[in-house]
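Colleague: Quick one, start-v4.cif (mmCIF, C-alpha atoms):
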```cif
data_entry
loop_
_atom_site.label_atom_id
_atom_site.label_comp_id
_atom_site.auth_asym_id
_atom_site.auth_seq_id
_atom_site.Cartn_x
_atom_site.Cartn_y
_atom_site.Cartn_z
CA MET A 374 2.34 31.44 35.96
CA PRO A 375 -0.68 29.38 37.07
CA VAL A 376 -2.33 30.37 40.31
CA SER A 377 -1.91 28.07 43.27
CA LEU A 378 -4.19 25.05 43.69
CA ASP A 379 -5.87 26.35 46.84
CA ARG A 380 -7.35 29.25 44.95
CA GLN A 381 -11.04 29.36 44.11
CA ALA A 382 -12.11 29.31 40.49
CA VAL A 383 -12.41 32.61 38.68
CA THR A 384 -16.02 33.71 38.30
CA THR A 385 -17.51 36.33 36.04
CA GLN A 386 -20.41 38.55 36.93
CA VAL A 387 -22.04 41.81 35.88
CA GLU A 388 -21.46 44.70 38.27
CA ARG A 389 -22.27 48.37 38.37
CA TRP A 390 -19.53 50.75 37.29
CA ALA A 391 -19.41 52.53 40.64
CA ASP A 392 -19.11 49.26 42.53
CA ALA A 393 -16.26 47.89 40.45
CA LEU A 394 -14.40 51.14 39.85
CA PRO A 395 -12.38 51.34 43.08
CA GLU A 396 -10.84 47.95 42.31
CA MET A 397 -10.54 48.62 38.60
CA ARG A 398 -8.49 51.79 39.06
CA PRO A 399 -5.35 49.99 40.25
CA LEU A 400 -5.50 47.71 37.20
CA PHE A 401 -5.83 50.55 34.71
CA SER A 402 -2.14 51.43 34.75
CA ALA A 403 -1.01 47.83 34.19
CA HIS A 404 -3.64 47.53 31.48
CA PHE A 405 -2.40 50.67 29.78
CA ARG A 406 1.27 49.71 30.07
CA GLU A 407 0.61 46.38 28.43
CA LEU A 408 -1.91 47.34 25.81
CA GLY A 409 -1.76 51.09 25.22
CA VAL A 410 -0.62 51.87 21.70
CA ASN A 411 0.02 55.59 22.08
CA GLN A 412 1.73 55.64 25.43
CA HIS A 413 4.07 58.51 24.63
CA ARG A 414 1.11 60.69 23.62
CA LEU A 415 -1.65 59.68 26.02
CA ALA A 416 -2.03 59.36 29.75
CA ALA A 417 -4.14 56.52 31.09
CA ARG A 418 -7.01 58.43 32.66
CA ALA A 419 -10.54 57.12 32.35
CA ASP A 420 -13.34 59.66 32.10
CA GLU A 421 -15.02 58.22 35.17
CA ALA A 422 -17.88 60.72 35.23
CA ARG A 423 -18.86 59.92 31.67
CA TYR A 424 -18.68 56.19 32.30
CA ALA A 425 -20.91 56.73 35.34
CA GLU A 426 -23.40 58.66 33.26
CA LEU A 427 -23.52 55.92 30.62
CA ASP A 428 -24.03 53.41 33.41
CA ARG A 429 -26.91 55.49 34.77
CA LEU A 430 -28.47 55.50 31.31
CA GLY A 431 -28.28 51.71 31.08
CA ILE A 432 -25.84 51.85 28.17
CA LEU A 433 -22.67 50.78 29.95
CA PHE A 434 -21.97 47.30 31.21
CA VAL A 435 -19.12 46.00 33.36
CA ILE A 436 -18.31 42.30 33.56
CA THR A 437 -15.85 41.51 36.30
CA ALA A 438 -13.66 38.45 36.79
CA ARG A 439 -13.06 37.65 40.44
CA CYS A 440 -11.07 35.02 42.28
CA ASP A 441 -11.70 34.68 46.00
CA GLY A 442 -13.44 38.03 45.77
CA GLU A 443 -10.38 39.75 44.32
CA LEU A 444 -10.89 41.61 41.06
CA VAL A 445 -8.60 39.94 38.51
CA GLY A 446 -10.10 41.31 35.31
CA TYR A 447 -12.81 43.41 33.75
CA PHE A 448 -14.67 43.81 30.48
CA VAL A 449 -16.35 47.14 29.85
CA GLY A 450 -18.67 47.87 26.96
CA PHE A 451 -21.90 49.42 25.77
CA THR A 452 -25.22 48.16 24.51
CA MET A 453 -26.96 50.62 22.22
CA PRO A 454 -28.51 51.02 18.77
CA HIS A 455 -25.96 51.25 15.97
CA LEU A 456 -25.95 54.76 14.52
CA HIS A 457 -25.83 53.70 10.91
CA TYR A 458 -28.13 50.69 11.17
CA LEU A 459 -31.35 52.40 12.23
CA GLY A 460 -33.95 49.86 13.28
CA ALA A 461 -31.43 47.06 13.55
CA GLY A 462 -31.85 46.72 17.29
CA LEU A 463 -29.18 46.84 19.95
CA TRP A 464 -25.52 46.10 19.46
CA ALA A 465 -23.07 45.20 22.20
CA MET A 466 -19.81 47.04 21.71
CA THR A 467 -16.49 46.46 23.45
CA ASP A 468 -14.78 49.37 25.15
CA MET A 469 -11.92 47.67 26.99
CA TYR A 470 -10.98 44.46 28.72
CA TYR A 471 -8.08 43.30 30.83
CA ILE A 472 -7.10 40.26 32.88
CA LYS A 473 -4.20 40.16 35.31
CA PRO A 474 -1.49 38.05 33.67
CA GLU A 475 -1.41 35.39 36.39
CA PHE A 476 -5.15 34.73 35.93
CA ARG A 477 -5.29 34.37 32.17
CA CYS A 478 -5.49 30.61 31.71
CA GLY A 479 -9.13 30.25 30.70
CA THR A 480 -10.40 33.52 32.18
CA GLY A 481 -10.56 35.16 28.77
CA LEU A 482 -12.83 32.39 27.58
CA LYS A 483 -15.14 32.96 30.56
CA MET A 484 -15.18 36.70 30.00
CA PHE A 485 -16.00 36.54 26.32
CA ARG A 486 -18.72 33.97 26.98
CA ALA A 487 -20.09 36.28 29.66
CA PHE A 488 -19.99 39.13 27.13
CA LYS A 489 -22.01 37.10 24.62
CA ARG A 490 -24.45 36.05 27.32
CA LEU A 491 -24.95 39.62 28.52
CA ALA A 492 -25.50 40.78 24.95
CA ARG A 493 -28.18 38.14 24.46
CA GLU A 494 -29.81 38.98 27.78
CA ARG A 495 -29.97 42.65 26.83
CA GLY A 496 -31.60 41.71 23.52
CA CYS A 497 -28.65 42.62 21.29
CA ARG A 498 -28.54 41.25 17.76
CA PHE A 499 -24.80 41.62 17.38
CA ALA A 500 -21.80 41.73 19.70
CA VAL A 501 -18.63 43.43 18.54
CA THR A 502 -15.19 43.00 19.98
CA SER A 503 -11.59 43.56 18.99
CA CYS A 504 -8.03 43.00 20.08
CA LYS A 505 -4.68 44.65 19.72
CA VAL A 506 -2.44 43.75 16.83
CA HIS A 507 0.29 42.99 19.34
CA GLN A 508 -2.01 40.77 21.40
CA ASP A 509 -4.02 38.89 18.86
CA HIS A 510 -7.03 36.89 20.05
CA SER A 511 -8.49 36.31 16.59
CA ALA A 512 -8.36 32.53 16.85
CA LEU A 513 -10.28 32.57 20.12
CA PHE A 514 -12.91 34.97 18.78
CA GLU A 515 -13.41 32.90 15.63
CA LYS A 516 -13.67 29.70 17.62
CA LEU A 517 -16.32 31.39 19.74
CA GLY A 518 -18.24 32.07 16.54
CA ALA A 519 -17.23 35.62 15.63
CA LYS A 520 -16.40 36.67 12.09
CA TRP A 521 -13.50 38.98 11.29
CA THR A 522 -15.09 41.97 9.57
CA ASP A 523 -12.93 45.06 10.10
CA LYS A 524 -9.42 46.35 10.51
CA THR A 525 -8.90 49.47 12.59
CA PHE A 526 -6.21 52.07 11.95
CA ILE A 527 -5.19 55.16 13.91
CA PHE A 528 -3.75 58.32 12.37
CA ALA A 529 -1.55 60.12 14.89
CA LEU A 530 -2.30 63.47 13.31
CA GLU A 531 -0.12 65.66 15.49
CA ASP A 532 2.99 63.79 14.30
CA GLU A 533 2.07 63.70 10.66
CA ALA A 534 3.45 65.78 7.89
CA CYS A 535 0.87 66.57 5.23
CA GLN A 536 0.13 63.34 3.39
CA MET B 579 -7.86 -18.61 17.35
CA GLU B 580 -6.79 -15.49 19.18
CA ALA B 581 -9.63 -13.45 20.55
CA HIS B 582 -9.59 -9.73 19.84
CA SER B 583 -11.04 -7.49 22.47
CA PRO B 584 -12.82 -4.45 21.11
CA GLU B 585 -10.94 -1.19 21.51
CA ARG B 586 -11.73 0.20 24.91
CA VAL B 587 -13.68 3.44 24.85
CA LEU B 588 -12.06 6.17 26.89
CA THR B 589 -14.07 7.67 29.71
CA PRO B 590 -14.51 11.44 29.54
CA LEU B 591 -11.85 11.87 32.21
CA GLU B 592 -9.40 9.64 30.35
CA PHE B 593 -10.14 11.44 27.11
CA ILE B 594 -9.54 14.82 28.71
CA GLN B 595 -6.34 13.61 30.32
CA SER B 596 -5.13 12.25 26.99
CA GLU B 597 -5.93 15.56 25.30
CA VAL B 598 -4.16 17.58 27.96
CA GLY B 599 -1.22 15.29 27.34
CA GLU B 600 0.02 14.75 30.86
CA PRO B 601 -1.19 13.08 34.05
CA ILE B 602 -3.63 15.44 35.67
CA GLU B 603 -5.87 15.09 38.72
CA ALA B 604 -9.64 15.38 38.39
CA GLU B 605 -9.58 18.09 41.06
CA THR B 606 -7.26 20.27 39.01
CA PRO B 607 -8.92 23.59 38.14
CA LEU B 608 -9.29 24.14 34.41
CA SER B 609 -7.27 27.30 34.87
CA GLU B 610 -4.31 25.25 36.10
CA CYS B 611 -4.10 22.48 33.54
CA GLY B 612 -1.72 24.48 31.38
CA LEU B 613 -4.22 25.42 28.70
CA ASP B 614 -4.93 28.94 27.55
CA SER B 615 -8.45 30.07 26.64
CA LEU B 616 -8.16 28.96 23.04
CA GLU B 617 -6.83 25.53 23.99
CA LEU B 618 -9.48 25.14 26.66
CA LEU B 619 -12.22 26.02 24.19
CA SER B 620 -10.76 23.51 21.71
CA LEU B 621 -10.77 20.83 24.41
CA GLN B 622 -14.39 21.55 25.25
CA GLN B 623 -15.37 21.41 21.60
CA GLU B 624 -13.53 18.11 21.12
CA CYS B 625 -15.39 16.69 24.12
CA GLN B 626 -18.68 17.92 22.68
CA ASP B 627 -17.93 16.23 19.38
CA LYS B 628 -16.80 12.99 21.00
CA PHE B 629 -19.52 12.64 23.60
CA GLY B 630 -22.37 14.31 21.74
CA LYS B 631 -23.40 16.76 24.43
CA ARG B 632 -23.33 20.50 24.10
CA ILE B 633 -22.10 22.89 26.78
CA THR B 634 -24.45 25.84 27.16
CA ASP B 635 -23.52 29.22 28.58
CA ALA B 636 -25.35 28.32 31.77
CA ASP B 637 -23.38 25.07 32.08
CA GLN B 638 -20.12 27.01 32.03
CA ASP B 639 -20.74 28.34 35.52
CA ASP B 640 -20.44 24.84 36.96
CA LEU B 641 -17.32 23.75 35.08
CA HIS B 642 -14.37 24.64 37.27
CA THR B 643 -12.20 21.54 37.29
CA ILE B 644 -11.12 18.74 34.98
CA GLY B 645 -13.47 16.50 36.97
CA ASP B 646 -16.41 18.87 36.47
CA LEU B 647 -15.83 18.74 32.75
CA ALA B 648 -15.52 14.95 32.78
CA ARG B 649 -18.68 14.53 34.87
CA PHE B 650 -20.57 16.80 32.49
CA PHE B 651 -19.81 14.42 29.64
CA GLY B 652 -20.00 11.27 31.75
#
```
Translate the structure of the given file into structure tokens.

Modeller:
Amino acid sequence: MPVSLDRQAVTTQVERWADALPEMRPLFSAHFRELGVNQHRLAARADEARYAELDRLGILFVITARCDGELVGYFVGFTMPHLHYLGAGLWAMTDMYYIKPEFRCGTGLKMFRAFKRLARERGCRFAVTSCKVHQDHSALFEKLGAKWTDKTFIFALEDEACQ
Amino acid sequence: MEAHSPERVLTPLEFIQSEVGEPIEAETPLSECGLDSLELLSLQQECQDKFGKRITDADQDDLHTIGDLARFFG
């Protein structure tokens, strides 16, 4: 449902993990309910200390989407050298992103543009992102200039018979 | 002899309104014109092609409404 006309536009900005975290926490459960693919095996519990450490090291980034100051979405990722492309400079990698459903009309576009901009500003040569199979954003990514290069699969090993 | 008037060129606002496909006020936020991110990006790219002006990342920060988008291309 579109937001009401008296609302301000959604803005995106880069924030520190610790600053955004208190408002991100309440969104984590909705995020996980909508997008988690192993919900019967995993609890939604971010390793906040490790995220904070990566933020301290300058590896983590958090892009927030806000409307009237309210946090309506976030995009968390890392900028770092790629382990198997030594000397290939920095890569921007996606960790997670979420937008409250009622703020989705166009906010995703802003967030992914902000992601590309941040990656450029941090001197990255490549920016990598992904989406869930059940919430496919491929067309948007390709229109933004990305190329589809990988498919990701998860083995749920504890449930598997020997195969 | 009947005079033929040349086909009128749509203004950016008229073009955007025609692309959105329904009457829409210039003050309408882009987030409320019924387009998702992909459709909004397509609209912006069609405007770029039609009016020959490219939207940079920095420009995006100032494009909040249909009118902002129209003025950018105007």

Colleague: Name the residues in contact with segment 620-628 of chain B at a cut-off of 9 Å, using all atoms listed in the file, excluding same-chain residues fewer than 6 positions from it; report them as a PDB file with C-alpha atoms, in the coordinates of the input.

Modeller:
```
ATOM      1  CA  LYS A 516     -13.670  29.700  17.620  1.00  0.00           C
TER       2      LYS A 516
ATOM      3  CA  PRO B 590     -14.510  11.440  29.540  1.00  0.00           C
ATOM      4  CA  PHE B 593     -10.140  11.440  27.110  1.00  0.00           C
ATOM      5  CA  ILE B 594      -9.540  14.820  28.710  1.00  0.00           C
ATOM      6  CA  GLU B 597      -5.930  15.560  25.300  1.00  0.00           C
ATOM      7  CA  VAL B 598      -4.160  17.580  27.960  1.00  0.00           C
ATOM      8  CA  LEU B 647     -15.830  18.740  32.750  1.00  0.00           C
ATOM      9  CA  ALA B 648     -15.520  14.950  32.780  1.00  0.00           C
ATOM     10  CA  PHE B 651     -19.810  14.420  29.640  1.00  0.00           C
TER      11      PHE B 651
END
```

Colleague: Using all atoms listed in the file for the distances, tell me which of B:Thr606, B:Phe629, B:His642, B:Ser615 is nearest to Ala512 of chain A.

Modeller: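 Comparing B:Thr606, B:Phe629, B:His642, B:Ser615 against Ala512 of chain A, the winner is B:Ser615.
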
Colleague: Find the residues of chain B that sit at most 9 Å from chain A; for each, write down the nearest two atoms and how far apart they are in Å, to one decimal. Count only C-alpha atoms. Sort by chain, then by number going up, and give it as a Markdown table.

Modeller:
```
| residue | atom | partner | partner_atom | distance |
| --- | --- | --- | --- | --- |
| B:Thr606 | CA | A:Leu378 | CA | 7.4 |
| B:Pro607 | CA | A:Ala382 | CA | 7.0 |
| B:Leu608 | CA | A:Gly479 | CA | 7.1 |
| B:Ser609 | CA | A:Cys478 | CA | 4.9 |
| B:Glu610 | CA | A:Pro375 | CA | 5.6 |
| B:Cys611 | CA | A:Cys478 | CA | 8.4 |
| B:Gly612 | CA | A:Cys478 | CA | 7.2 |
| B:Leu613 | CA | A:Cys478 | CA | 6.1 |
| B:Asp614 | CA | A:Cys478 | CA | 4.5 |
| B:Ser615 | CA | A:Gly479 | CA | 4.1 |
| B:Leu616 | CA | A:Leu513 | CA | 5.1 |
| B:Glu617 | CA | A:Gly479 | CA | 8.5 |
| B:Leu618 | CA | A:Gly479 | CA | 6.5 |
| B:Leu619 | CA | A:Leu482 | CA | 7.2 |
| B:Ser620 | CA | A:Lys516 | CA | 8.0 |
| B:Asp635 | CA | A:Arg486 | CA | 6.9 |
| B:Ala636 | CA | A:Arg490 | CA | 9.0 |
| B:Gln638 | CA | A:Lys483 | CA | 7.9 |
| B:Asp639 | CA | A:Thr384 | CA | 7.7 |
| B:His642 | CA | A:Ala382 | CA | 6.1 |
| B:Thr643 | CA | A:Ala382 | CA | 8.4 |
```

Colleague: Take the point (-16.7, 45.8, 22.1) as written in the file and pick out every residue within 12 Å of it, counting only C-alpha atoms; give the list as a list in words.

Modeller: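 Collected hits near the coordinates: Leu433, Phe434, Val435, Phe448, Val449, Gly450, Phe451, Thr452, Met453, Trp464, Ala465, Met466, Thr467, Asp468, Met469, Tyr470, Phe485, Phe488, Lys489, Ala492, Phe499, Ala500, Val501, Thr502, Ser503, Cys504 and Phe514 of chain A.
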
Colleague: Tell me, as an mmCIF file with C-alpha atoms, keeping the file's coordinate frame, which residues lie within 7 Å of Thr437 of chain A, counting all atoms listed in the file; anything in the same chain fewer than 6 positions away does not count.

Modeller:
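Final output, saved to around.cif:
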```
data_model
loop_
_atom_site.group_PDB
_atom_site.id
_atom_site.type_symbol
_atom_site.label_atom_id
_atom_site.label_comp_id
_atom_site.auth_asym_id
_atom_site.auth_seq_id
_atom_site.Cartn_x
_atom_site.Cartn_y
_atom_site.Cartn_z
ATOM 1 C CA THR A 385 -17.510 36.330 36.040
ATOM 2 C CA GLN A 386 -20.410 38.550 36.930
ATOM 3 C CA VAL A 387 -22.040 41.810 35.880
ATOM 4 C CA GLU A 388 -21.460 44.700 38.270
ATOM 5 C CA LEU A 444 -10.890 41.610 41.060
ATOM 6 C CA GLY A 446 -10.100 41.310 35.310
ATOM 7 C CA TYR A 447 -12.810 43.410 33.750
ATOM 8 C CA PHE A 448 -14.670 43.810 30.480
#
```

Colleague: Might I get the box with edges along x, y and z of the file that holds all atoms of segment 620-636 of chain B listed there, padded by 8 Å on every side, given as centre and edge lengths in Å to one decimal, as JSON?

Modeller:
```
{"center_x": -18.1, "center_y": 20.9, "center_z": 25.6, "size_x": 30.6, "size_y": 32.6, "size_z": 28.4}
```

Colleague: What is the atom CA of Leu394 of chain A to atom CA of Asp441 of chain A distance in Å?

Modeller: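 Taking atom CA of Leu394 of chain A as the start and atom CA of Asp441 of chain A as the end point, the length is 17.8 Å.
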
Colleague: To one decimal in Å, tell me the separation between atom CA of Phe526 of chain A and atom CA of Trp390 of chain A.

Modeller: 28.7 Å

Colleague: Would you compute the distance between atom CA of Glu443 of chain A and atom CA of Arg406 of chain A? Give it in Å to one decimal.

Modeller: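 About the pair atom CA of Glu443 of chain A and atom CA of Arg406 of chain A: they are 20.9 Å apart.
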